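This report concerns only the one structure given below.
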Amino acid sequence: MAAASRRVGLLLSLFATVVAVSASNGGVNNRGVTYDSRSLIINGKRELLFSGSIHYPRSTPDMWPGIIANAKKGGINLIQTYVFWNGHEPVQGRYNFEGRYDLVKFISLIQKEKLYVTLRIGPFIQAEWNHGGFPYWLREVKNITFRTNNPPFKYHMEKFVRKIVDMMKEEKLFASQGGPIILAQIENEYNMVQAAFGEDGKKYVQWAADFALSLGIGVPWMMCKQQDAPGPIINSCNGRNCGDTWKGPNHPTKPLIWAENWTAQYRVFGDPPSQRSAEDLAFSVARFFSKNGTLANYYMYHGGTNFGRTGSAFVATRYYDEAPLDEYGLQKQPKWGHLKDLHRALKLSKKPLLWGSYSFRKLGKDVEARVYDLPSKKVCAAFLTNKKADRDYTVSFHGVNYFLPRHSISILPDCKTEVFNTQRINAQHNSRTFIRFVERKKKKRWEMYQDHIPRYHDKGIVHSPEPLELMNMTKDTTDYLWYTTRFKLQQEDLPWRKDIHPVLQVASLGHGVHAFANGQYLGSAHGSKIEKSFVLQKVMNLKPGTNHITILAMTVGFPDSGPYLERRVAGIRSVAIQGLNTGTLDLSANGWGHKVGFRGEKLRIYSNEGVSRVQWTKAKSNVPITWYKRYFDTPHGNDPVIIDMSTMAKGLVWVNGEGIGRYWASNLSPLGTPTQTVYHIPRSFLNQTKNLLVVLEESGGNPEGIQILTVRRDDICTCVSEYHPGVTKSWSRKEGQLRSVVEDVKPESHLKCPDNKIIQAITFASFGNPSGVCGNYTIGSCHAPQTKHVVEKICLGKASCVLPVKGEVYGADANCPETTATLAVQVFCGHK
């Protein structure tokens with residue numbers, strides 16, 4: 001115990017020395033970043049940090065400025081990102097820092113907006129990213145074991161981390177140099193796998209910490225979900241409710257940092273829709289700050305797209321679309337606006353939160369007050385919390401009664417004025433609509449090229465007595481590996497009865513297969529994120545003489561988590577034929593041929609340079625292992641462009657040679673619908689005309705049903721009651737005191753069109769007890785019939801409007817027994 005304490009002391013001293021040295025090199029105003037138990041201290045100043053995860057490869061450089069600016073408008077002052085090793089070093093020793101992987105440009109754009117950065121170098125990241133961020137070549141390093149006290153792994157990890165750190169130093173991007181990076185991460189969620197490595201796991205964590213500290217970056221390092229983070233390395237929490245589920249830092253000198261607050265749930269193919277309400281998300285953040293939190297990060301604030309083959313095993317192409325900024329970078333309301341209001345309320349409470357003394361007060365069985373008081377400055381902030389999920393309360397605090405809706409927190413930046421409640425949304429809502437793009441030229445036609453289905457004796461086939469492992473064969477250059485074998489049957493081997501047929505049985509280690517017998521497509525089977533292995537059984541026709549079995553096996557991304565990633569396997573394990581007169585025929589050791597990928601992939605026929613390398617013919621539907629192509633013009637305007645793949649089954653899409661991602665419309669959720677049918681085509685991928693669209697379809701679909709769309713959030717709504725607090729921008733701090741900036745703070749409904757549009761139509765308006773959500777409101781029994789007329793008079797033709805939330809304005813019946821005194825309005829925004 002004494003030795004451990006001495007080591008912590010030495011490491012803390014080392015950290016202080018590193019910061020001091022970096023500060024002296026950075027100039028008078030660049031004192032680096034330190035911390036204490038209350039907060040990070042940036043250039044000598046404390047700060048409340050509202051962070052959002054935005055991953056640079058999951059969007060495009062032309063999108064970055066808008067996404068970052070939208071995050072800043074939402075009250076975010078810190079952007080968090082991973083560093084994607086397999087994107088930066090896809091081939092050992094060959095580095096890529098261009099296009100979507102231009103890390104320096106991304107961080108520089110954040111700095112331009114005067115925001116901070118958390119750089120999660122890892123280099124293991126998980127992130128639902130292919131192979132957890134590890135490049136494939138790392139698997140082939142001799143005697144390597146990932147993420148443990150293994151010399152080959154530590155050598156390559158150190159080399160890459162040093163390269164990133166040196167690049168950041170060269171560009172002066174650390175806060176100690178005047179840059180935006182205030183926090184860095186080494187490793188990632190190692191506690192999840194540490195036990196698998198025993199004592200070597202402990203040694204590795206210590207090595208990673210010592211190595212990180214030796215780099216002298218002048219800002220703290222963290223390890224998320226690492227409860228035994230060594231010395232000055234800050235341990236942090238990941239989860240949905242870290243304010244209640246986390247026991248806090250492992251040393252009293254460390255601040256409370258929430259590295260990942262999941263804004264929804266990433267989805268895998270086969271998943272039903274997953275959402276997280278704005279109210280629940282706001283409650284979790286307010287709860288964390290009410291309990292001494294200093295930094296909360298939304299994972300994700302913008303999720304974006306897993307372009308090409310970058311998603312990990314079974315992960316859908318769309319990533320965290322339910323985040324405050326959706327896949328296309330559009331504001332998802334009310335989540336974006338409600339969190340913006342929360343951040344403003346917390347900033348109004350900043351001084352007592354960061355410098356005040358803390359006290360706790362029980363107000364009832366399920367209600368409490370957490371108070372931060374700074375008497376010397378005459379400032380005080382309080383969080384009144386109702387933890388009960390199904391009951392409202394009225395509580396007395398400092399002699400004043402406050403109504404607390406179920407599962408909510410009211411923020412009182414001066415301990416008396418309620419400026420925000422997590423359950424009461426003042427922000428506007430919106431709904432998303434997809435608009436079909438109708439091209440003027442009708443002569444554009446689909447054409448097809450059917451790829452070759454290999455056989456055992458084909459040229460270039462790799463032979464082996466038994467089926468070979470898939471990942472080792474493909475080396476992550478393609479999703480696909482062909483397996484083929486041949487065997488002879490006599491007439492008497494075949495079933496005599498008409499009701500009996502041979503059945504092909506394929507046992508696979510994952511992730512999916514398509515099967516062919518004598519060139520005829522039999523069908524497919526696949527595993528899942530939870531259970532990757534599976535068995536295919538398909539009826540087939542065989543003949544006397546030589547028969548050919550061909551199996552197309554595939555991965556849907558490499559795994560991204562767990563110990564021993566370098567040992568994961570996929571592909572065919574065994575093959576047999578059932579139903580023969582002579583019994584089951586085991587083909588597992590029959591001799592197998594293998595071919596990596598498709599001819600079309602090798603020729604890059606999805607690119608403008610390669611499209612003419614094969615002969616295209618008039619397209620037909622429902623043909624397996626087929627490439628389809630056509631050209632299309634770019635929709636006018638600036639709305640995001642989408643492709644609808646709902647009439648196809650499974651495969652990949654390219655536009656002008658850029659990989660849009662994997663689609664899998666045939667993999668239905670328990671609700672009977674595909675997980676994802678529409679896919680983002682960034683406008684930077686497009687020409688004005690003649691865009692080459694190429695689709696690789698595995699099992700058969702109808703390309704004529706593929707549509708190009710645009711997406712908007714032009715249907716905006718408001719839903720506010722007389723019981724809501726006033727909008728948070730009604731308040732400011734002047735000379736340290738909370739003051740109103742309007743004469744009468746009262747509930748109001750605010751509507752504002754995006755992109756300089758105006759309100760063209762009122763599609764719903766009701767005061768009383770309306771129900772539903774934006775895009776699907778219905779009137780209730782207490783509806784005030786004058787509501788729409790009043791709203792039209794105030795809002796039509798304007799870019800924005802403010803509606804009073806008072807029943808008498810709309811002629812409401814105050815005595816209607818079921819009224820909630822709520823105003824719900826939906827309007828459509830369009831160009832002038």
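Chain labels follow the order of the structure tokens: the first chain is A, the next B, and so on; residue numbering restarts at 1 in every chain, and ligands are counted from 1 in their shown order.
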
> Within 10 Å of Asp210 (chain A), counting only C-alpha atoms, which residues qualify if same-chain residues fewer than 4 places away don't, as JSON, numbers by chain?
Replying inline: {"A": [11, 14, 204, 205, 206, 214, 215, 230, 231, 233]}

Could you dump the residues just selected with all heavy atoms as a PDB file, in the first residue's frame?
ATOM      1  N   LEU A  11       4.087  10.025  -9.721  1.00  0.00           N
ATOM      2  CA  LEU A  11       3.427  10.318 -10.988  1.00  0.00           C
ATOM      3  C   LEU A  11       2.770  11.699 -10.969  1.00  0.00           C
ATOM      4  O   LEU A  11       2.802  12.431 -11.952  1.00  0.00           O
ATOM      5  CB  LEU A  11       2.391   9.234 -11.292  1.00  0.00           C
ATOM      6  CG  LEU A  11       2.961   7.903 -11.783  1.00  0.00           C
ATOM      7  CD1 LEU A  11       1.870   6.847 -11.799  1.00  0.00           C
ATOM      8  CD2 LEU A  11       3.579   8.036 -13.161  1.00  0.00           C
ATOM      9  N   LEU A  14       5.462  14.139 -11.484  1.00  0.00           N
ATOM     10  CA  LEU A  14       5.853  14.146 -12.883  1.00  0.00           C
ATOM     11  C   LEU A  14       4.863  14.952 -13.708  1.00  0.00           C
ATOM     12  O   LEU A  14       5.241  15.759 -14.556  1.00  0.00           O
ATOM     13  CB  LEU A  14       5.933  12.715 -13.419  1.00  0.00           C
ATOM     14  CG  LEU A  14       6.175  12.551 -14.932  1.00  0.00           C
ATOM     15  CD1 LEU A  14       7.503  13.187 -15.328  1.00  0.00           C
ATOM     16  CD2 LEU A  14       6.137  11.090 -15.325  1.00  0.00           C
ATOM     17  N   TYR A 204       0.202  -3.506 -18.358  1.00  0.00           N
ATOM     18  CA  TYR A 204      -0.056  -2.731 -19.571  1.00  0.00           C
ATOM     19  C   TYR A 204      -0.678  -1.377 -19.234  1.00  0.00           C
ATOM     20  O   TYR A 204      -0.284  -0.346 -19.812  1.00  0.00           O
ATOM     21  CB  TYR A 204      -0.979  -3.521 -20.498  1.00  0.00           C
ATOM     22  CG  TYR A 204      -1.504  -2.734 -21.670  1.00  0.00           C
ATOM     23  CD1 TYR A 204      -0.666  -2.322 -22.698  1.00  0.00           C
ATOM     24  CD2 TYR A 204      -2.857  -2.386 -21.744  1.00  0.00           C
ATOM     25  CE1 TYR A 204      -1.147  -1.600 -23.773  1.00  0.00           C
ATOM     26  CE2 TYR A 204      -3.353  -1.671 -22.819  1.00  0.00           C
ATOM     27  CZ  TYR A 204      -2.500  -1.274 -23.832  1.00  0.00           C
ATOM     28  OH  TYR A 204      -2.980  -0.556 -24.889  1.00  0.00           O
ATOM     29  N   VAL A 205      -1.647  -1.352 -18.328  1.00  0.00           N
ATOM     30  CA  VAL A 205      -2.270  -0.082 -17.943  1.00  0.00           C
ATOM     31  C   VAL A 205      -1.224   0.873 -17.379  1.00  0.00           C
ATOM     32  O   VAL A 205      -1.192   2.064 -17.710  1.00  0.00           O
ATOM     33  CB  VAL A 205      -3.395  -0.317 -16.905  1.00  0.00           C
ATOM     34  CG1 VAL A 205      -3.844   0.994 -16.295  1.00  0.00           C
ATOM     35  CG2 VAL A 205      -4.585  -1.000 -17.557  1.00  0.00           C
ATOM     36  N   GLN A 206      -0.353   0.343 -16.534  1.00  0.00           N
ATOM     37  CA  GLN A 206       0.690   1.185 -15.951  1.00  0.00           C
ATOM     38  C   GLN A 206       1.654   1.685 -17.029  1.00  0.00           C
ATOM     39  O   GLN A 206       2.039   2.857 -17.047  1.00  0.00           O
ATOM     40  CB  GLN A 206       1.466   0.407 -14.880  1.00  0.00           C
ATOM     41  CG  GLN A 206       2.431   1.261 -14.075  1.00  0.00           C
ATOM     42  CD  GLN A 206       1.715   2.330 -13.260  1.00  0.00           C
ATOM     43  OE1 GLN A 206       0.922   2.022 -12.380  1.00  0.00           O
ATOM     44  NE2 GLN A 206       1.982   3.589 -13.564  1.00  0.00           N
ATOM     45  N   SER A 214       4.992  10.651 -20.315  1.00  0.00           N
ATOM     46  CA  SER A 214       6.341  10.980 -20.787  1.00  0.00           C
ATOM     47  C   SER A 214       6.334  11.844 -22.034  1.00  0.00           C
ATOM     48  O   SER A 214       7.367  12.420 -22.400  1.00  0.00           O
ATOM     49  CB  SER A 214       7.127   9.685 -21.072  1.00  0.00           C
ATOM     50  OG  SER A 214       6.662   9.069 -22.274  1.00  0.00           O
ATOM     51  N   LEU A 215       5.176  11.971 -22.692  1.00  0.00           N
ATOM     52  CA  LEU A 215       5.112  12.704 -23.959  1.00  0.00           C
ATOM     53  C   LEU A 215       5.085  14.217 -23.763  1.00  0.00           C
ATOM     54  O   LEU A 215       5.262  14.964 -24.730  1.00  0.00           O
ATOM     55  CB  LEU A 215       3.888  12.251 -24.759  1.00  0.00           C
ATOM     56  CG  LEU A 215       3.946  10.794 -25.243  1.00  0.00           C
ATOM     57  CD1 LEU A 215       2.607  10.357 -25.822  1.00  0.00           C
ATOM     58  CD2 LEU A 215       5.050  10.607 -26.275  1.00  0.00           C
ATOM     59  N   PRO A 230      -3.868   4.968 -13.358  1.00  0.00           N
ATOM     60  CA  PRO A 230      -2.703   5.253 -12.502  1.00  0.00           C
ATOM     61  C   PRO A 230      -2.416   6.735 -12.350  1.00  0.00           C
ATOM     62  O   PRO A 230      -2.612   7.528 -13.277  1.00  0.00           O
ATOM     63  CB  PRO A 230      -1.550   4.571 -13.257  1.00  0.00           C
ATOM     64  CG  PRO A 230      -2.196   3.597 -14.182  1.00  0.00           C
ATOM     65  CD  PRO A 230      -3.505   4.219 -14.563  1.00  0.00           C
ATOM     66  N   GLY A 231      -1.907   7.099 -11.153  1.00  0.00           N
ATOM     67  CA  GLY A 231      -1.381   8.428 -10.883  1.00  0.00           C
ATOM     68  C   GLY A 231      -2.296   9.543 -11.305  1.00  0.00           C
ATOM     69  O   GLY A 231      -3.488   9.546 -10.991  1.00  0.00           O
ATOM     70  N   ILE A 233      -3.493  10.252 -14.205  1.00  0.00           N
ATOM     71  CA  ILE A 233      -4.433   9.959 -15.293  1.00  0.00           C
ATOM     72  C   ILE A 233      -5.853   9.979 -14.737  1.00  0.00           C
ATOM     73  O   ILE A 233      -6.165   9.297 -13.766  1.00  0.00           O
ATOM     74  CB  ILE A 233      -4.154   8.576 -15.922  1.00  0.00           C
ATOM     75  CG1 ILE A 233      -2.689   8.455 -16.352  1.00  0.00           C
ATOM     76  CG2 ILE A 233      -5.101   8.332 -17.082  1.00  0.00           C
ATOM     77  CD1 ILE A 233      -2.295   9.322 -17.520  1.00  0.00           C
TER      78      ILE A 233
END

>> Would you pick out the contacts of Arg568 (chain A) at 9 Å or less, using only C-alpha atoms, so that residues sharing its chain but fewer than 4 positions from it are not included, and give the list as an NGL selection string?
In response: :A and (471 or 558-559 or 564)

Written selection (N, CA and C atoms) as a short mmCIF file (atom, residue, chain, number, x, y, z; two decimals), in the first residue's frame:
data_model
loop_
_atom_site.label_atom_id
_atom_site.label_comp_id
_atom_site.auth_asym_id
_atom_site.auth_seq_id
_atom_site.Cartn_x
_atom_site.Cartn_y
_atom_site.Cartn_z
N MET A 471 -11.16 -13.94 -42.59
CA MET A 471 -10.47 -12.67 -42.33
C MET A 471 -9.01 -12.72 -42.78
N PHE A 558 -15.46 -5.86 -39.36
CA PHE A 558 -14.70 -6.63 -38.38
C PHE A 558 -15.18 -6.28 -36.97
N PRO A 559 -15.00 -7.19 -36.00
CA PRO A 559 -15.40 -6.89 -34.62
C PRO A 559 -14.60 -5.71 -34.06
N TYR A 564 -8.47 -10.11 -27.27
CA TYR A 564 -7.98 -10.99 -28.34
C TYR A 564 -8.65 -10.73 -29.68
#

Give me the residues near region 522-524 of chain A as a short mmCIF file (atom, residue, chain, number, x, y, z; two decimals) with N, CA, C and O atoms, in the first residue's frame, where near means some atom within 12 Å (using only C-alpha atoms) and where sequence neighbours in that chain fewer than 2 positions away do not count.
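So out37.cif came out as:
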data_model
loop_
_atom_site.label_atom_id
_atom_site.label_comp_id
_atom_site.auth_asym_id
_atom_site.auth_seq_id
_atom_site.Cartn_x
_atom_site.Cartn_y
_atom_site.Cartn_z
N PRO A 502 -32.11 -33.37 -51.77
CA PRO A 502 -30.87 -33.09 -51.03
C PRO A 502 -30.92 -31.70 -50.39
O PRO A 502 -31.53 -30.77 -50.94
N VAL A 503 -30.29 -31.59 -49.24
CA VAL A 503 -30.25 -30.32 -48.51
C VAL A 503 -28.79 -29.97 -48.24
O VAL A 503 -28.02 -30.78 -47.70
N LEU A 504 -28.41 -28.75 -48.62
CA LEU A 504 -27.07 -28.25 -48.32
C LEU A 504 -27.06 -27.68 -46.91
O LEU A 504 -27.91 -26.86 -46.56
N GLN A 505 -26.10 -28.13 -46.12
CA GLN A 505 -25.96 -27.64 -44.75
C GLN A 505 -24.58 -27.00 -44.59
O GLN A 505 -23.56 -27.67 -44.80
N VAL A 506 -24.56 -25.73 -44.25
CA VAL A 506 -23.31 -24.98 -44.09
C VAL A 506 -23.28 -24.42 -42.67
O VAL A 506 -24.17 -23.67 -42.28
N SER A 508 -21.35 -21.89 -40.36
CA SER A 508 -20.47 -20.74 -40.55
C SER A 508 -20.14 -20.09 -39.21
O SER A 508 -20.97 -20.03 -38.30
N HIS A 511 -20.01 -13.94 -41.09
CA HIS A 511 -21.21 -13.27 -40.62
C HIS A 511 -22.43 -13.63 -41.47
O HIS A 511 -23.55 -13.54 -41.02
N GLY A 512 -22.20 -14.00 -42.77
CA GLY A 512 -23.30 -14.37 -43.64
C GLY A 512 -22.80 -15.18 -44.81
O GLY A 512 -21.61 -15.17 -45.12
N VAL A 513 -23.72 -15.88 -45.50
CA VAL A 513 -23.35 -16.64 -46.70
C VAL A 513 -24.49 -16.60 -47.72
O VAL A 513 -25.66 -16.45 -47.37
N HIS A 514 -24.10 -16.74 -48.97
CA HIS A 514 -25.02 -17.04 -50.07
C HIS A 514 -24.54 -18.35 -50.67
O HIS A 514 -23.33 -18.57 -50.82
N ALA A 515 -25.47 -19.24 -51.01
CA ALA A 515 -25.09 -20.57 -51.49
C ALA A 515 -25.60 -20.82 -52.90
O ALA A 515 -26.70 -20.39 -53.28
N PHE A 516 -24.77 -21.55 -53.68
CA PHE A 516 -25.10 -21.91 -55.05
C PHE A 516 -24.79 -23.39 -55.26
O PHE A 516 -23.80 -23.91 -54.75
N ALA A 517 -25.64 -24.07 -56.02
CA ALA A 517 -25.40 -25.45 -56.43
C ALA A 517 -25.49 -25.50 -57.94
O ALA A 517 -26.53 -25.15 -58.51
N ASN A 518 -24.38 -25.89 -58.57
CA ASN A 518 -24.32 -25.94 -60.04
C ASN A 518 -24.75 -24.63 -60.68
O ASN A 518 -25.46 -24.59 -61.68
N GLY A 519 -24.34 -23.53 -60.04
CA GLY A 519 -24.62 -22.20 -60.55
C GLY A 519 -25.98 -21.64 -60.19
O GLY A 519 -26.27 -20.48 -60.47
N GLN A 520 -26.83 -22.46 -59.59
CA GLN A 520 -28.18 -22.00 -59.22
C GLN A 520 -28.16 -21.44 -57.81
O GLN A 520 -27.64 -22.07 -56.89
N HIS A 526 -27.54 -15.73 -42.22
CA HIS A 526 -26.58 -14.85 -41.57
C HIS A 526 -26.72 -14.94 -40.06
O HIS A 526 -27.74 -15.40 -39.53
N GLY A 527 -25.70 -14.49 -39.37
CA GLY A 527 -25.74 -14.38 -37.93
C GLY A 527 -26.20 -13.00 -37.51
O GLY A 527 -26.90 -12.30 -38.26
N PHE A 534 -23.80 -19.36 -37.33
CA PHE A 534 -25.14 -19.77 -37.75
C PHE A 534 -25.00 -20.99 -38.65
O PHE A 534 -23.89 -21.40 -39.04
N VAL A 535 -26.14 -21.57 -39.03
CA VAL A 535 -26.19 -22.71 -39.95
C VAL A 535 -27.16 -22.40 -41.07
O VAL A 535 -28.30 -21.99 -40.82
N LEU A 536 -26.71 -22.58 -42.31
CA LEU A 536 -27.59 -22.47 -43.47
C LEU A 536 -28.04 -23.86 -43.88
O LEU A 536 -27.24 -24.80 -43.94
N GLN A 537 -29.32 -24.02 -44.17
CA GLN A 537 -29.86 -25.26 -44.71
C GLN A 537 -30.80 -24.91 -45.87
O GLN A 537 -31.79 -24.21 -45.67
N LYS A 538 -30.46 -25.38 -47.06
CA LYS A 538 -31.24 -25.05 -48.25
C LYS A 538 -31.43 -26.30 -49.13
O LYS A 538 -30.49 -27.06 -49.37
N VAL A 539 -32.66 -26.47 -49.61
CA VAL A 539 -32.97 -27.54 -50.55
C VAL A 539 -32.32 -27.24 -51.89
O VAL A 539 -32.26 -26.07 -52.32
N MET A 540 -31.84 -28.31 -52.57
CA MET A 540 -31.20 -28.08 -53.86
C MET A 540 -31.43 -29.27 -54.78
O MET A 540 -31.84 -30.35 -54.35
N ASN A 541 -31.13 -29.05 -56.05
CA ASN A 541 -31.18 -30.11 -57.05
C ASN A 541 -29.76 -30.53 -57.40
O ASN A 541 -28.92 -29.68 -57.72
N LEU A 542 -29.50 -31.83 -57.34
CA LEU A 542 -28.20 -32.38 -57.74
C LEU A 542 -28.42 -33.34 -58.91
O LEU A 542 -29.55 -33.74 -59.21
N ILE A 549 -20.53 -27.03 -55.66
CA ILE A 549 -21.07 -26.21 -54.59
C ILE A 549 -20.20 -24.97 -54.47
O ILE A 549 -18.97 -25.07 -54.34
N THR A 550 -20.82 -23.79 -54.52
CA THR A 550 -20.09 -22.53 -54.35
C THR A 550 -20.79 -21.72 -53.26
O THR A 550 -22.01 -21.57 -53.28
N ILE A 551 -20.00 -21.22 -52.34
CA ILE A 551 -20.54 -20.47 -51.22
C ILE A 551 -19.83 -19.11 -51.15
O ILE A 551 -18.60 -19.05 -51.13
N LEU A 552 -20.60 -18.07 -51.17
CA LEU A 552 -20.06 -16.73 -50.97
C LEU A 552 -20.22 -16.38 -49.50
O LEU A 552 -21.33 -16.19 -49.01
N ALA A 553 -19.11 -16.33 -48.78
CA ALA A 553 -19.14 -15.97 -47.36
C ALA A 553 -18.70 -14.52 -47.21
O ALA A 553 -17.97 -13.98 -48.04
N MET A 554 -19.14 -13.91 -46.13
CA MET A 554 -18.84 -12.48 -45.96
C MET A 554 -18.76 -12.09 -44.50
O MET A 554 -19.32 -12.75 -43.62
N VAL A 623 -31.50 -10.64 -59.78
CA VAL A 623 -30.39 -11.46 -60.25
C VAL A 623 -29.29 -11.41 -59.19
O VAL A 623 -28.82 -10.32 -58.85
N PRO A 624 -28.87 -12.54 -58.63
CA PRO A 624 -27.84 -12.50 -57.58
C PRO A 624 -26.47 -12.16 -58.13
O PRO A 624 -26.18 -12.36 -59.31
N ILE A 625 -25.62 -11.63 -57.26
CA ILE A 625 -24.22 -11.29 -57.55
C ILE A 625 -24.16 -10.43 -58.81
O ILE A 625 -23.53 -10.78 -59.82
N ALA A 649 -31.79 -5.71 -51.66
CA ALA A 649 -31.66 -6.67 -50.55
C ALA A 649 -30.42 -6.38 -49.70
O ALA A 649 -30.52 -5.92 -48.57
N LYS A 650 -29.24 -6.65 -50.24
CA LYS A 650 -28.00 -6.43 -49.47
C LYS A 650 -26.85 -6.19 -50.43
O LYS A 650 -26.74 -6.83 -51.47
N SER A 666 -32.93 -6.28 -46.61
CA SER A 666 -33.61 -7.57 -46.41
C SER A 666 -33.49 -8.08 -44.97
O SER A 666 -34.15 -9.05 -44.60
N ASN A 667 -32.66 -7.45 -44.16
CA ASN A 667 -32.50 -7.85 -42.76
C ASN A 667 -33.53 -7.08 -41.94
O ASN A 667 -33.32 -5.91 -41.61
N GLU A 698 -26.12 -8.49 -53.76
CA GLU A 698 -25.69 -9.86 -53.51
C GLU A 698 -26.74 -10.91 -53.89
O GLU A 698 -26.42 -11.94 -54.48
N SER A 699 -27.98 -10.70 -53.52
CA SER A 699 -28.97 -11.76 -53.67
C SER A 699 -30.10 -11.45 -54.63
O SER A 699 -30.81 -12.36 -55.06
N GLY A 700 -30.30 -10.19 -54.98
CA GLY A 700 -31.34 -9.86 -55.94
C GLY A 700 -32.29 -8.79 -55.45
O GLY A 700 -32.83 -8.89 -54.35
#

> Of the residues A:Lys798, A:Arg147, A:His724, A:Lys488, which is the one nearest to Cys753 (chain A), using only C-alpha atoms?
Replying inline: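 That would be A:Lys798, the residue with the smallest distance to Cys753 (chain A).
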
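For the pair CA of Gly597 (chain A) and CA of Gly545 (chain A), the separation is 28.8 Å.
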
> Which polymer residues have any atom within 9 Å of an atom of His407 (chain A), counting only C-alpha atoms, with same-chain residues fewer than 4 positions away left out, as an MDAnalysis selection string?
Replying inline: chainID A and resid 279:280 283 385:392 422:423

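Proximity of A:Gly600, A:Gly248, A:Gly593, A:Gly356 to Asp458 (chain A), computed with only C-alpha atoms, is greatest for A:Gly593.
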
>> Just to confirm, what's the straight-line distance from CA of Tyr266 (chain A) to CA of Gln226 (chain A) in Å (one decimal)?
In response: 22.4 Å

>> I want to know what sits within 9 Å of Ile500 (chain A), based on only C-alpha atoms, with residues of the same chain fewer than 3 positions away left out; could you give that as a PyMOL selection string?
In response: chain A and resi 495-497+579-580

> Distance CA of Trp336 (chain A)-CA of Gly74 (chain A), one decimal place?
Replying inline: 6.4 Å

>> Env of Met192 (chain A): 10 Å cut, atoms = only C-alpha atoms, seq-sep filter 2 positions within chain, self excluded. Answer as a list in words.
In response: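 The residues satisfying every condition are Asn188, Glu189, Tyr190, Gln194, Ala195, Ala196, Lys225, Gln226, Ser561, Gly562 and Pro563 of chain A.
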
Using N, CA and C atoms, can you export the residues from the last selection as a PDB file, in the first residue's frame?
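The new file result26.pdb reads:
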ATOM      1  N   ASN A 188      -8.740   2.883 -24.042  1.00  0.00           N
ATOM      2  CA  ASN A 188     -10.174   3.152 -24.100  1.00  0.00           C
ATOM      3  C   ASN A 188     -10.950   1.989 -23.487  1.00  0.00           C
ATOM      4  N   GLU A 189     -11.657   2.261 -22.405  1.00  0.00           N
ATOM      5  CA  GLU A 189     -12.508   1.265 -21.749  1.00  0.00           C
ATOM      6  C   GLU A 189     -11.752  -0.037 -21.464  1.00  0.00           C
ATOM      7  N   TYR A 190     -10.524   0.096 -20.971  1.00  0.00           N
ATOM      8  CA  TYR A 190      -9.700  -1.104 -20.787  1.00  0.00           C
ATOM      9  C   TYR A 190     -10.218  -1.996 -19.660  1.00  0.00           C
ATOM     10  N   GLN A 194      -9.528  -6.056 -19.129  1.00  0.00           N
ATOM     11  CA  GLN A 194      -8.308  -6.211 -18.343  1.00  0.00           C
ATOM     12  C   GLN A 194      -8.199  -7.571 -17.669  1.00  0.00           C
ATOM     13  N   ALA A 195      -9.307  -8.079 -17.139  1.00  0.00           N
ATOM     14  CA  ALA A 195      -9.273  -9.352 -16.406  1.00  0.00           C
ATOM     15  C   ALA A 195      -8.803 -10.505 -17.292  1.00  0.00           C
ATOM     16  N   ALA A 196      -9.074 -10.407 -18.597  1.00  0.00           N
ATOM     17  CA  ALA A 196      -8.683 -11.487 -19.507  1.00  0.00           C
ATOM     18  C   ALA A 196      -7.170 -11.639 -19.592  1.00  0.00           C
ATOM     19  N   LYS A 225     -13.652   4.729 -18.258  1.00  0.00           N
ATOM     20  CA  LYS A 225     -14.047   3.435 -17.680  1.00  0.00           C
ATOM     21  C   LYS A 225     -12.828   2.645 -17.197  1.00  0.00           C
ATOM     22  N   GLN A 226     -11.896   3.344 -16.550  1.00  0.00           N
ATOM     23  CA  GLN A 226     -10.703   2.685 -16.006  1.00  0.00           C
ATOM     24  C   GLN A 226     -10.594   3.101 -14.541  1.00  0.00           C
ATOM     25  N   SER A 561     -14.586  -4.985 -30.351  1.00  0.00           N
ATOM     26  CA  SER A 561     -14.504  -4.962 -28.890  1.00  0.00           C
ATOM     27  C   SER A 561     -14.120  -6.322 -28.351  1.00  0.00           C
ATOM     28  N   GLY A 562     -13.759  -6.322 -27.062  1.00  0.00           N
ATOM     29  CA  GLY A 562     -13.409  -7.562 -26.390  1.00  0.00           C
ATOM     30  C   GLY A 562     -11.923  -7.873 -26.493  1.00  0.00           C
ATOM     31  N   PRO A 563     -11.439  -8.811 -25.665  1.00  0.00           N
ATOM     32  CA  PRO A 563     -10.028  -9.203 -25.709  1.00  0.00           C
ATOM     33  C   PRO A 563      -9.716 -10.060 -26.924  1.00  0.00           C
TER      34      PRO A 563
END

>> Using only C-alpha atoms for the distances, tell me which of A:His338, A:Arg662, A:Lys105, A:His783 is nearest to Thr60 (chain A).
In response: A:Lys105

> Smallest atom-to-atom distance to Ile779 (chain A): which of A:Leu738, A:Leu652, A:Val825, A:Cys717, using only C-alpha atoms?
Replying inline: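 Ranking A:Leu738, A:Leu652, A:Val825, A:Cys717 by distance to Ile779 (chain A), first place goes to A:Val825.
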
Kindly provide the residues of region 155-242 of chain A that approach region 288-299 of chain A to within 10 Å, each paired with its closest atom pair and their distance in Å to one decimal, based on only C-alpha atoms, listed by chain and increasing number, as JSON lines.
{"residue": "A:Ser236", "atom": "CA", "partner": "A:Leu295", "partner_atom": "CA", "distance": 9.8}
{"residue": "A:Cys237", "atom": "CA", "partner": "A:Ala296", "partner_atom": "CA", "distance": 9.5}
{"residue": "A:Asn238", "atom": "CA", "partner": "A:Tyr299", "partner_atom": "CA", "distance": 9.1}
{"residue": "A:Gly239", "atom": "CA", "partner": "A:Tyr299", "partner_atom": "CA", "distance": 9.4}
{"residue": "A:Arg240", "atom": "CA", "partner": "A:Tyr299", "partner_atom": "CA", "distance": 9.8}
{"residue": "A:Asn241", "atom": "CA", "partner": "A:Phe288", "partner_atom": "CA", "distance": 7.9}
{"residue": "A:Cys242", "atom": "CA", "partner": "A:Phe288", "partner_atom": "CA", "distance": 6.6}
